[in-house]
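Everything below belongs to start21.txt, which stores compact mmCIF, C-alpha atoms.
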# COMPACT_ATOMS: atom_id res chain seq x y z
CA MET A 316 37.33 74.78 28.39
CA GLU A 317 37.65 74.41 32.16
CA LYS A 318 41.41 74.41 31.72
CA LEU A 319 41.26 77.60 29.67
CA SER A 320 39.09 79.35 32.28
CA LYS A 321 41.61 78.46 34.97
CA GLN A 322 44.41 79.92 32.86
CA PHE A 323 42.45 83.14 32.35
CA GLU A 324 41.74 83.39 36.10
CA PHE A 325 45.47 83.14 36.74
CA LEU A 326 46.27 85.71 34.03
CA LYS A 327 43.69 88.12 35.46
CA GLU A 328 45.28 87.89 38.90
CA ILE A 329 48.89 88.15 37.79
CA GLU A 330 48.07 91.19 35.64
CA LYS A 331 47.64 93.08 38.91
CA LEU A 332 51.45 93.18 39.18
CA LYS A 333 51.06 96.36 37.07
CA THR A 334 49.62 97.99 40.19
CA VAL A 335 52.15 96.71 42.76
CA ILE A 336 54.52 99.65 43.21
CA ARG A 337 58.18 99.16 44.15
CA ARG A 338 60.58 101.61 45.84
CA THR A 339 62.81 101.84 42.76
CA PHE A 340 62.53 104.95 40.57
CA ILE A 341 62.44 104.59 36.80
CA LEU A 342 65.46 106.17 35.14
CA ASP A 343 63.72 109.44 34.20
CA GLU A 344 62.89 109.77 37.95
CA SER A 345 59.24 110.68 37.24
CA ARG A 346 57.79 107.84 39.33
CA CYS A 347 58.51 104.47 40.96
CA GLU A 348 58.32 101.35 38.84
CA ASN A 349 55.79 98.55 39.25
CA ASP A 350 56.37 94.81 39.49
CA ALA A 351 55.31 94.09 35.89
CA GLU A 352 57.84 96.52 34.43
CA HIS A 353 60.49 95.29 36.83
CA SER A 354 59.85 91.67 35.80
CA TRP A 355 60.23 92.59 32.14
CA GLN A 356 63.42 94.51 32.78
CA VAL A 357 65.17 91.77 34.78
CA ALA A 358 64.32 89.28 32.01
CA VAL A 359 65.88 91.65 29.46
CA MET A 360 68.97 92.21 31.64
CA ALA A 361 69.38 88.48 32.21
CA LEU A 362 69.58 87.99 28.44
CA ILE A 363 71.95 90.89 27.79
CA PHE A 364 74.28 89.93 30.67
CA SER A 365 74.08 86.14 30.28
CA GLU A 366 77.82 85.87 29.53
CA TYR A 367 78.54 87.25 33.03
CA ALA A 368 76.77 84.47 34.92
CA ASP A 369 79.20 82.44 37.05
CA THR A 370 77.91 79.22 35.54
CA GLN A 371 78.13 78.95 31.80
CA GLN A 372 75.64 76.72 29.95
CA LEU A 373 72.75 78.02 32.03
CA ASP A 374 69.26 76.93 31.03
CA MET A 375 68.21 80.43 29.92
CA LEU A 376 64.60 79.41 29.30
CA LYS A 377 64.39 78.45 32.96
CA VAL A 378 66.06 81.71 34.03
CA LEU A 379 63.46 83.69 32.05
CA LYS A 380 60.55 81.66 33.41
CA ILE A 381 61.84 82.23 36.94
CA LEU A 382 62.26 85.98 36.41
CA LEU A 383 58.92 86.55 34.67
CA PHE A 384 57.13 85.04 37.68
CA HIS A 385 59.56 85.73 40.54
CA ASP A 386 57.46 88.53 42.02
CA ALA A 387 54.05 87.08 41.11
CA VAL A 388 53.14 86.33 44.73
CA GLU A 389 53.30 90.07 45.46
CA VAL A 390 49.87 90.33 43.86
CA TYR A 391 48.65 89.12 47.26
CA ALA A 392 51.65 89.62 49.55
CA GLY A 393 52.65 93.14 48.39
CA ASP A 394 56.17 94.31 47.67
CA THR A 395 58.56 94.07 50.63
CA TYR A 396 61.22 96.74 50.49
CA LEU A 397 64.72 95.32 50.56
CA TYR A 398 65.66 97.52 53.50
CA ASP A 399 62.47 97.14 55.55
CA ALA A 400 63.49 94.83 58.41
CA VAL A 401 60.03 94.75 60.03
CA ALA A 402 58.18 93.66 56.89
CA ALA A 403 60.96 91.14 56.16
CA GLU A 404 60.05 89.21 59.34
CA THR A 405 56.65 88.20 58.02
CA GLN A 406 57.61 88.18 54.32
CA SER A 407 58.35 84.50 53.94
CA GLN A 408 55.09 83.30 55.52
CA ARG A 409 53.01 85.85 53.60
CA GLU A 410 54.62 84.84 50.32
CA ILE A 411 54.24 81.10 50.84
CA GLU A 412 50.51 81.57 51.45
CA ALA A 413 50.25 83.85 48.41
CA ALA A 414 52.04 81.29 46.23
CA GLY A 415 49.54 78.60 47.22
CA LYS A 416 46.64 80.89 46.39
CA LEU A 417 48.04 82.24 43.12
CA PHE A 418 49.58 79.16 41.50
CA GLY A 419 46.61 77.14 42.77
CA LEU A 420 44.50 78.91 40.15
CA LEU A 421 46.35 77.17 37.31
CA PRO A 422 45.52 73.74 35.86
CA ASP A 423 47.34 70.94 37.70
CA SER A 424 50.40 70.42 35.50
CA GLN A 425 51.14 74.16 35.21
CA GLN A 426 50.45 74.66 38.90
CA ARG A 427 53.24 72.26 39.72
CA GLU A 428 55.71 73.69 37.19
CA PHE A 429 55.36 77.35 38.13
CA ARG A 430 55.15 76.74 41.85
CA GLU A 431 58.34 74.67 41.69
CA LEU A 432 60.11 77.40 39.71
CA TRP A 433 59.11 79.94 42.34
CA GLU A 434 60.39 77.67 45.12
CA GLU A 435 63.63 77.09 43.21
CA TYR A 436 64.08 80.85 43.05
CA GLU A 437 63.34 81.31 46.75
CA GLU A 438 65.78 78.57 47.74
CA GLY A 439 68.46 80.03 45.47
CA LYS A 440 70.49 76.84 45.19
CA THR A 441 70.56 76.05 41.46
CA ALA A 442 72.75 77.97 39.02
CA GLU A 443 69.65 79.39 37.30
CA ALA A 444 68.15 80.63 40.58
CA LYS A 445 71.47 82.15 41.65
CA TYR A 446 71.85 84.05 38.39
CA ALA A 447 68.20 85.19 38.47
CA ARG A 448 68.63 86.47 42.04
CA ALA A 449 71.83 88.29 41.09
CA ILE A 450 70.02 90.13 38.29
CA ASP A 451 67.03 90.85 40.53
CA ARG A 452 69.40 92.56 42.99
CA PHE A 453 71.53 94.27 40.39
CA GLN A 454 68.63 96.03 38.62
CA PRO A 455 67.37 98.20 41.53
CA PHE A 456 70.97 98.84 42.61
CA TRP A 457 71.77 100.13 39.13
CA HIS A 458 68.65 102.32 39.12
CA ASN A 459 69.62 103.77 42.50
CA TYR A 460 73.09 104.56 41.21
CA MET A 461 71.76 106.07 37.97
CA THR A 462 69.26 108.27 39.85
CA ARG A 463 72.03 109.53 42.17
CA GLY A 464 70.70 107.61 45.15
CA LYS A 465 67.16 109.04 45.03
CA ALA A 466 65.49 106.02 46.69
CA TRP A 467 68.44 105.43 49.07
CA GLN A 468 68.11 108.97 50.40
CA LYS A 469 64.33 108.80 50.63
CA HIS A 470 64.56 105.70 52.82
CA GLY A 471 67.76 106.58 54.71
CA VAL A 472 69.77 103.64 53.36
CA HIS A 473 73.49 103.30 54.23
CA ALA A 474 76.26 101.75 52.11
CA SER A 475 76.67 98.90 54.62
CA GLN A 476 73.04 97.85 53.98
CA VAL A 477 73.60 97.92 50.24
CA ARG A 478 76.78 95.87 50.65
CA LYS A 479 74.85 93.21 52.56
CA MET A 480 72.18 93.12 49.83
CA MET A 481 74.90 92.70 47.21
CA GLU A 482 75.81 89.24 48.55
CA LYS A 483 73.17 87.80 46.26
CA ILE A 484 74.80 89.48 43.28
CA GLU A 485 78.11 87.88 44.28
CA ALA A 486 76.47 84.44 44.55
CA GLY A 487 75.35 84.52 40.90
CA SER A 488 77.80 86.72 39.06
CA GLY A 489 81.27 87.59 40.31
CA PHE A 490 81.65 89.90 37.34
CA LEU A 491 78.51 91.96 38.03
CA PHE A 492 79.36 91.98 41.75
CA SER A 493 82.75 93.50 41.14
CA HIS A 494 81.18 96.10 38.85
CA ALA A 495 78.56 96.85 41.51
CA GLU A 496 81.32 97.25 44.10
CA SER A 497 82.98 99.98 42.07
CA LEU A 498 79.66 101.71 41.43
CA LEU A 499 78.94 101.65 45.18
CA ALA A 500 82.35 103.12 46.00
CA ASP A 501 81.68 105.84 43.45
CA ALA A 502 78.19 106.45 44.90
CA VAL A 503 79.65 106.96 48.39
CA LYS A 504 82.36 109.25 46.98
CA LYS A 505 79.73 111.32 45.18
CA GLY A 506 77.56 111.55 48.31
CA TYR A 507 74.59 109.52 46.93
CA LEU A 508 74.47 107.66 50.25
CA PRO A 509 76.47 107.65 53.53
CA GLU A 510 79.08 105.02 54.32
CA MET B 1065 84.75 97.26 29.74
CA GLU B 1066 83.85 98.84 26.40
CA LYS B 1067 81.48 95.94 25.82
CA LEU B 1068 79.84 96.44 29.21
CA SER B 1069 79.37 100.18 28.57
CA LYS B 1070 77.65 99.39 25.29
CA GLN B 1071 75.31 96.99 27.05
CA PHE B 1072 74.46 99.60 29.67
CA GLU B 1073 73.78 102.20 26.95
CA PHE B 1074 71.33 99.78 25.33
CA LEU B 1075 69.68 98.97 28.68
CA LYS B 1076 69.30 102.68 29.44
CA GLU B 1077 67.54 103.27 26.14
CA ILE B 1078 65.27 100.23 26.25
CA GLU B 1079 64.22 101.09 29.81
CA LYS B 1080 62.31 104.01 28.27
CA LEU B 1081 59.66 101.50 27.14
CA LYS B 1082 58.21 102.14 30.61
CA THR B 1083 57.19 105.57 29.33
CA VAL B 1084 55.78 104.55 25.91
CA ILE B 1085 52.02 104.47 26.48
CA ARG B 1086 49.72 102.14 24.53
CA ARG B 1087 45.98 102.48 23.86
CA THR B 1088 45.14 99.37 25.90
CA PHE B 1089 43.68 99.86 29.39
CA ILE B 1090 44.96 97.76 32.27
CA LEU B 1091 42.27 95.48 33.68
CA ASP B 1092 41.34 97.74 36.61
CA GLU B 1093 40.69 100.46 33.96
CA SER B 1094 42.63 103.09 35.95
CA ARG B 1095 45.06 103.90 33.13
CA CYS B 1096 46.56 102.69 29.86
CA GLU B 1097 49.43 100.24 29.99
CA ASN B 1098 52.98 100.95 28.81
CA ASP B 1099 55.19 98.94 26.48
CA ALA B 1100 57.32 97.45 29.28
CA GLU B 1101 54.30 96.03 31.11
CA HIS B 1102 52.83 94.81 27.85
CA SER B 1103 56.07 93.05 26.93
CA TRP B 1104 56.12 91.26 30.28
CA GLN B 1105 52.49 90.24 29.96
CA VAL B 1106 52.78 88.78 26.45
CA ALA B 1107 55.82 86.77 27.58
CA VAL B 1108 53.76 85.41 30.50
CA MET B 1109 50.78 84.62 28.25
CA ALA B 1110 53.02 82.90 25.70
CA LEU B 1111 54.20 80.54 28.45
CA ILE B 1112 50.76 79.87 29.91
CA PHE B 1113 49.17 79.29 26.46
CA SER B 1114 52.08 77.45 24.84
CA GLU B 1115 50.02 74.27 24.34
CA TYR B 1116 47.68 76.26 22.06
CA ALA B 1117 50.35 77.21 19.51
CA ASP B 1118 49.64 75.67 16.09
CA THR B 1119 53.15 74.29 15.93
CA GLN B 1120 54.15 72.03 18.76
CA GLN B 1121 57.83 71.77 19.73
CA LEU B 1122 58.28 75.53 19.47
CA ASP B 1123 61.60 76.98 20.59
CA MET B 1124 60.10 78.77 23.60
CA LEU B 1125 63.35 80.53 24.49
CA LYS B 1126 63.22 82.16 21.07
CA VAL B 1127 59.53 83.06 21.51
CA LEU B 1128 60.35 84.78 24.82
CA LYS B 1129 63.36 86.62 23.40
CA ILE B 1130 61.19 87.84 20.52
CA LEU B 1131 58.40 89.01 22.81
CA LEU B 1132 60.63 90.72 25.37
CA PHE B 1133 62.10 92.88 22.59
CA HIS B 1134 59.29 92.99 20.02
CA ASP B 1135 58.28 96.58 20.82
CA ALA B 1136 61.80 97.82 21.68
CA VAL B 1137 62.00 100.04 18.58
CA GLU B 1138 59.05 102.05 19.92
CA VAL B 1139 61.53 103.77 22.24
CA TYR B 1140 62.33 105.88 19.16
CA ALA B 1141 59.41 105.19 16.78
CA GLY B 1142 56.56 105.50 19.33
CA ASP B 1143 53.60 103.16 19.62
CA THR B 1144 51.46 102.93 16.50
CA TYR B 1145 47.84 102.22 17.36
CA LEU B 1146 46.54 99.11 15.65
CA TYR B 1147 43.60 101.03 14.18
CA ASP B 1148 45.47 104.21 13.14
CA ALA B 1149 45.72 103.92 9.33
CA VAL B 1150 47.64 107.19 8.87
CA ALA B 1151 50.42 106.31 11.32
CA ALA B 1152 50.56 102.80 9.84
CA GLU B 1153 51.72 104.22 6.49
CA THR B 1154 55.00 105.46 7.92
CA GLN B 1155 55.32 102.83 10.65
CA SER B 1156 57.54 100.38 8.82
CA GLN B 1157 60.14 102.96 7.75
CA ARG B 1158 60.16 104.60 11.19
CA GLU B 1159 60.66 101.26 12.88
CA ILE B 1160 63.44 100.06 10.59
CA GLU B 1161 65.39 103.25 11.31
CA ALA B 1162 64.71 102.87 15.03
CA ALA B 1163 65.92 99.25 14.98
CA GLY B 1164 69.21 100.32 13.39
CA LYS B 1165 69.72 103.00 16.03
CA LEU B 1166 68.66 100.90 19.05
CA PHE B 1167 70.25 97.52 18.33
CA GLY B 1168 73.31 99.37 17.00
CA LEU B 1169 74.11 100.31 20.60
CA LEU B 1170 74.87 96.67 21.51
CA PRO B 1171 78.23 94.90 21.08
CA ASP B 1172 78.53 93.28 17.63
CA SER B 1173 77.44 89.71 18.36
CA GLN B 1174 74.38 90.76 20.39
CA GLN B 1175 73.55 93.44 17.84
CA ARG B 1176 73.20 90.77 15.19
CA GLU B 1177 71.22 88.34 17.34
CA PHE B 1178 68.62 90.80 18.61
CA ARG B 1179 68.25 92.64 15.32
CA GLU B 1180 67.64 89.30 13.57
CA LEU B 1181 65.05 88.27 16.16
CA TRP B 1182 63.24 91.56 15.61
CA GLU B 1183 63.29 91.04 11.84
CA GLU B 1184 62.07 87.48 12.25
CA TYR B 1185 59.14 88.82 14.26
CA GLU B 1186 58.37 91.52 11.70
CA GLU B 1187 58.45 89.03 8.83
CA GLY B 1188 56.24 86.60 10.72
CA LYS B 1189 57.24 83.53 8.76
CA THR B 1190 58.70 81.16 11.35
CA ALA B 1191 56.54 79.20 13.78
CA GLU B 1192 58.00 81.16 16.70
CA ALA B 1193 57.26 84.53 15.09
CA LYS B 1194 53.72 83.46 14.19
CA TYR B 1195 52.96 82.35 17.73
CA ALA B 1196 54.53 85.52 19.21
CA ARG B 1197 52.42 87.68 16.87
CA ALA B 1198 49.27 85.76 17.80
CA ILE B 1199 49.87 86.43 21.50
CA ASP B 1200 50.74 90.08 20.82
CA ARG B 1201 47.34 90.48 19.13
CA PHE B 1202 45.40 88.40 21.60
CA GLN B 1203 46.51 90.34 24.69
CA PRO B 1204 45.04 93.79 23.80
CA PHE B 1205 41.95 92.10 22.34
CA TRP B 1206 41.38 90.29 25.64
CA HIS B 1207 41.89 93.51 27.61
CA ASN B 1208 39.37 95.30 25.39
CA TYR B 1209 36.86 92.52 25.96
CA MET B 1210 37.48 92.45 29.72
CA THR B 1211 37.09 96.24 30.02
CA ARG B 1212 33.78 96.09 28.09
CA GLY B 1213 35.24 97.73 25.00
CA LYS B 1214 36.61 100.82 26.75
CA ALA B 1215 39.42 101.49 24.24
CA TRP B 1216 37.30 100.37 21.24
CA GLN B 1217 34.66 102.95 22.13
CA LYS B 1218 37.20 105.69 22.82
CA HIS B 1219 38.69 105.22 19.34
CA GLY B 1220 35.47 104.38 17.45
CA VAL B 1221 36.59 100.85 16.49
CA HIS B 1222 34.15 98.51 14.66
CA ALA B 1223 34.00 94.70 14.84
CA SER B 1224 35.12 94.42 11.20
CA GLN B 1225 38.41 96.17 12.09
CA VAL B 1226 38.94 93.83 15.02
CA ARG B 1227 38.21 90.84 12.79
CA LYS B 1228 40.87 91.98 10.31
CA MET B 1229 43.38 92.39 13.15
CA MET B 1230 42.56 88.88 14.36
CA GLU B 1231 44.08 87.32 11.23
CA LYS B 1232 47.43 87.31 13.01
CA ILE B 1233 45.93 85.35 15.90
CA GLU B 1234 44.64 82.80 13.39
CA ALA B 1235 48.07 82.50 11.77
CA GLY B 1236 49.68 81.41 15.04
CA SER B 1237 46.99 79.72 17.07
CA GLY B 1238 43.77 78.33 15.64
CA PHE B 1239 42.64 77.57 19.17
CA LEU B 1240 43.06 81.11 20.50
CA PHE B 1241 41.55 82.49 17.29
CA SER B 1242 38.41 80.48 17.70
CA HIS B 1243 38.17 81.58 21.34
CA ALA B 1244 38.68 85.21 20.24
CA GLU B 1245 35.91 84.80 17.65
CA SER B 1246 33.40 83.82 20.30
CA LEU B 1247 34.51 86.63 22.60
CA LEU B 1248 34.08 89.10 19.72
CA ALA B 1249 30.58 87.82 18.94
CA ASP B 1250 29.74 88.20 22.62
CA ALA B 1251 31.23 91.73 22.67
CA VAL B 1252 29.02 92.77 19.74
CA LYS B 1253 25.98 91.19 21.39
CA LYS B 1254 26.69 93.05 24.63
CA GLY B 1255 27.14 96.35 22.76
CA TYR B 1256 30.87 96.77 23.58
CA LEU B 1257 31.45 97.77 19.95
CA PRO B 1258 29.31 98.08 16.78
CA GLU B 1259 29.26 95.41 14.06
Represent the supplied structure as structure tokens.
Amino acid sequence: MEKLSKQFEFLKEIEKLKTVIRRTFILDESRCENDAEHSWQVAVMALIFSEYADTQQLDMLKVLKILLFHDAVEVYAGDTYLYDAVAAETQSQREIEAAGKLFGLLPDSQQREFRELWEEYEEGKTAEAKYARAIDRFQPFWHNYMTRGKAWQKHGVHASQVRKMMEKIEAGSGFLFSHAESLLADAVKKGYLPE
Amino acid sequence: MEKLSKQFEFLKEIEKLKTVIRRTFILDESRCENDAEHSWQVAVMALIFSEYADTQQLDMLKVLKILLFHDAVEVYAGDTYLYDAVAAETQSQREIEAAGKLFGLLPDSQQREFRELWEEYEEGKTAEAKYARAIDRFQPFWHNYMTRGKAWQKHGVHASQVRKMMEKIEAGSGFLFSHAESLLADAVKKGYLPE
């Protein structure tokens, strides 16, 4: 029963991702999405786009585990906007501390598994982590394109910043990267964001 | 490229789950949750509680695929409240039509895979479907307990109705069912809902 209580403590904390708000608008543009919705959507996209991963024969169960928990530490560390250079400076330290606190709630064996998956994602070296990171970058980019640059304009983002961010798409899926490149060119042409 | 456009059409439609509102309150009680958040949370709970599934050696990738898409048809069919007997009468037909329309957007091979997973879930015969259904029932039950019966009271739900609903927890996880039974007894004792 002690094990079960620990699992419920963890589940209570991680449920708060429903209240961590990101900068990305949902497609009907009525509001910004939260981390829980985002985590669901990247898991769905990873499944639908699996054939476009650079590495075939990915361990898709691992990819899904990584994506379902990839933003979990934001329960304590908050969401850091991709284009916020100041917050980015302290992001890593804040997130490492949050990971210790959050995953530390779990029973020992699960603590180790989920903490290691989070670290694997952060390091971005394995094929699964690379693909997960590519999808995590592609999703908000796609939303920005589909909402005619709503969040880009709100935060004064330039195409060169988006191009830099897209490196992680390239590292996991050449196919999605080349699609993103043409969407970005189109976005600049249509005036969604400045070059 | 035709394949990719089909996948994007499907992803655009399924993203609307962020706007399908359920009767379950999030744990801070500020609002009800939506289908996208719910789908993320049941996937997370399925992973954390996997040791409590009646069948060991479950195909967890299949469980996650099922749960990530189990409410997808509600994009067209809407959410049917567990305790709404009138809506339940037309639910099955509405959802079958919605499944045809939604999964029909995908390229052929994916269409078949995800439609079959949805049907497997609806039929509830395989070990993976049974466990997924148990988690899908346990999650709102747990939220109702944690919010001191907020949604039960709002909709005039009695313990006997909850007990009936809990049969699907029992069919997939005897362990979680017996935990739910003691939480329900406690909820009645504390006056969260009438016997």
For chain A, which residues have at least one atom within 9 Å of chain B, if we go by only C-alpha atoms? Write them as a compact mmCIF listing (two decimals) with C-alpha atoms, in the frame of the given file, please.
# COMPACT_ATOMS: atom_id res chain seq x y z
CA LEU A 319 41.26 77.60 29.67
CA GLN A 322 44.41 79.92 32.86
CA LEU A 326 46.27 85.71 34.03
CA LYS A 327 43.69 88.12 35.46
CA ILE A 329 48.89 88.15 37.79
CA GLU A 330 48.07 91.19 35.64
CA LYS A 331 47.64 93.08 38.91
CA LYS A 333 51.06 96.36 37.07
CA ILE A 341 62.44 104.59 36.80
CA LEU A 342 65.46 106.17 35.14
CA ASP A 343 63.72 109.44 34.20
CA GLU A 348 58.32 101.35 38.84
CA ASN A 349 55.79 98.55 39.25
CA ASP A 350 56.37 94.81 39.49
CA ALA A 351 55.31 94.09 35.89
CA GLU A 352 57.84 96.52 34.43
CA HIS A 353 60.49 95.29 36.83
CA SER A 354 59.85 91.67 35.80
CA TRP A 355 60.23 92.59 32.14
CA GLN A 356 63.42 94.51 32.78
CA ALA A 358 64.32 89.28 32.01
CA VAL A 359 65.88 91.65 29.46
CA MET A 360 68.97 92.21 31.64
CA LEU A 362 69.58 87.99 28.44
CA ILE A 363 71.95 90.89 27.79
CA PHE A 364 74.28 89.93 30.67
CA MET A 375 68.21 80.43 29.92
CA LEU A 376 64.60 79.41 29.30
CA LYS A 377 64.39 78.45 32.96
CA LEU A 379 63.46 83.69 32.05
CA LYS A 380 60.55 81.66 33.41
CA LEU A 383 58.92 86.55 34.67
CA PHE A 384 57.13 85.04 37.68
CA GLN A 425 51.14 74.16 35.21
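Separating CA of Ala400 in chain A from CA of Asp501 in chain A is a distance of 26.0 Å.
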I'd like the neighbourhood of Asn1208 in chain B as a VMD selection string, where a residue qualifies if any of its atoms comes within 12 Å (using only C-alpha atoms), though same-chain residues fewer than 3 positions away should be ignored. chain B and resid 1087 to 1093 1096 1201 to 1205 1211 to 1219 1221 1223 1226 1244 1247 to 1248 1251 1256 to 1257
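When all atoms listed in the file are used to measure the gap to Ile1233 in chain B, the shortest distance among B:Glu1180, B:Tyr1116, B:Asp1172, B:Asp1148 belongs to B:Tyr1116.
Nearest residue to Val1106 in chain B, choosing from B:Leu1131, B:Val1137, B:Ala1152, B:Ala1235 and counting all atoms listed in the file: B:Leu1131.
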Suppose you want the space between CA of Val335 in chain A and CA of Ala402 in chain A; what is it in Å? 15.7 Å
Axis-aligned box for range 1210-1213 of chain B, 3 Å per side, centre and edges in Å as lines of an AutoDock Vina configuration file:
center_x = 35.6
center_y = 95.1
center_z = 27.5
size_x = 9.7
size_y = 11.3
size_z = 11.0
Using only C-alpha atoms, what residues lie at most 6 Å away from (52.1, 84.0, 11.0) (file coordinates), given as a PDB file with C-alpha atoms, keeping the file's coordinate frame?
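Just written: selection18.pdb:
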ATOM      1  CA  GLY B1188      56.240  86.600  10.720  1.00  0.00           C
ATOM      2  CA  LYS B1189      57.240  83.530   8.760  1.00  0.00           C
ATOM      3  CA  LYS B1194      53.720  83.460  14.190  1.00  0.00           C
ATOM      4  CA  ALA B1235      48.070  82.500  11.770  1.00  0.00           C
ATOM      5  CA  GLY B1236      49.680  81.410  15.040  1.00  0.00           C
TER       6      GLY B1236
END
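Close contacts of Glu434 in chain A, defined as residues with an atom at most 12 Å away when counting only C-alpha atoms, with chain neighbours fewer than 4 positions off set aside, comprise Ile381, Phe384, His385, Asp386, Val388, Ser407, Glu410, Ile411, Ala414, Gly415, Phe418, Arg427, Glu428, Phe429, Arg430, Glu438, Gly439, Lys440, Thr441 and Ala444 of chain A.
When only C-alpha atoms are used to compute distances to Gly1220 in chain B, the closest of the residues B:Pro1258, B:Gln1175, B:Gly1168, B:Ile1085 turns out to be B:Pro1258.
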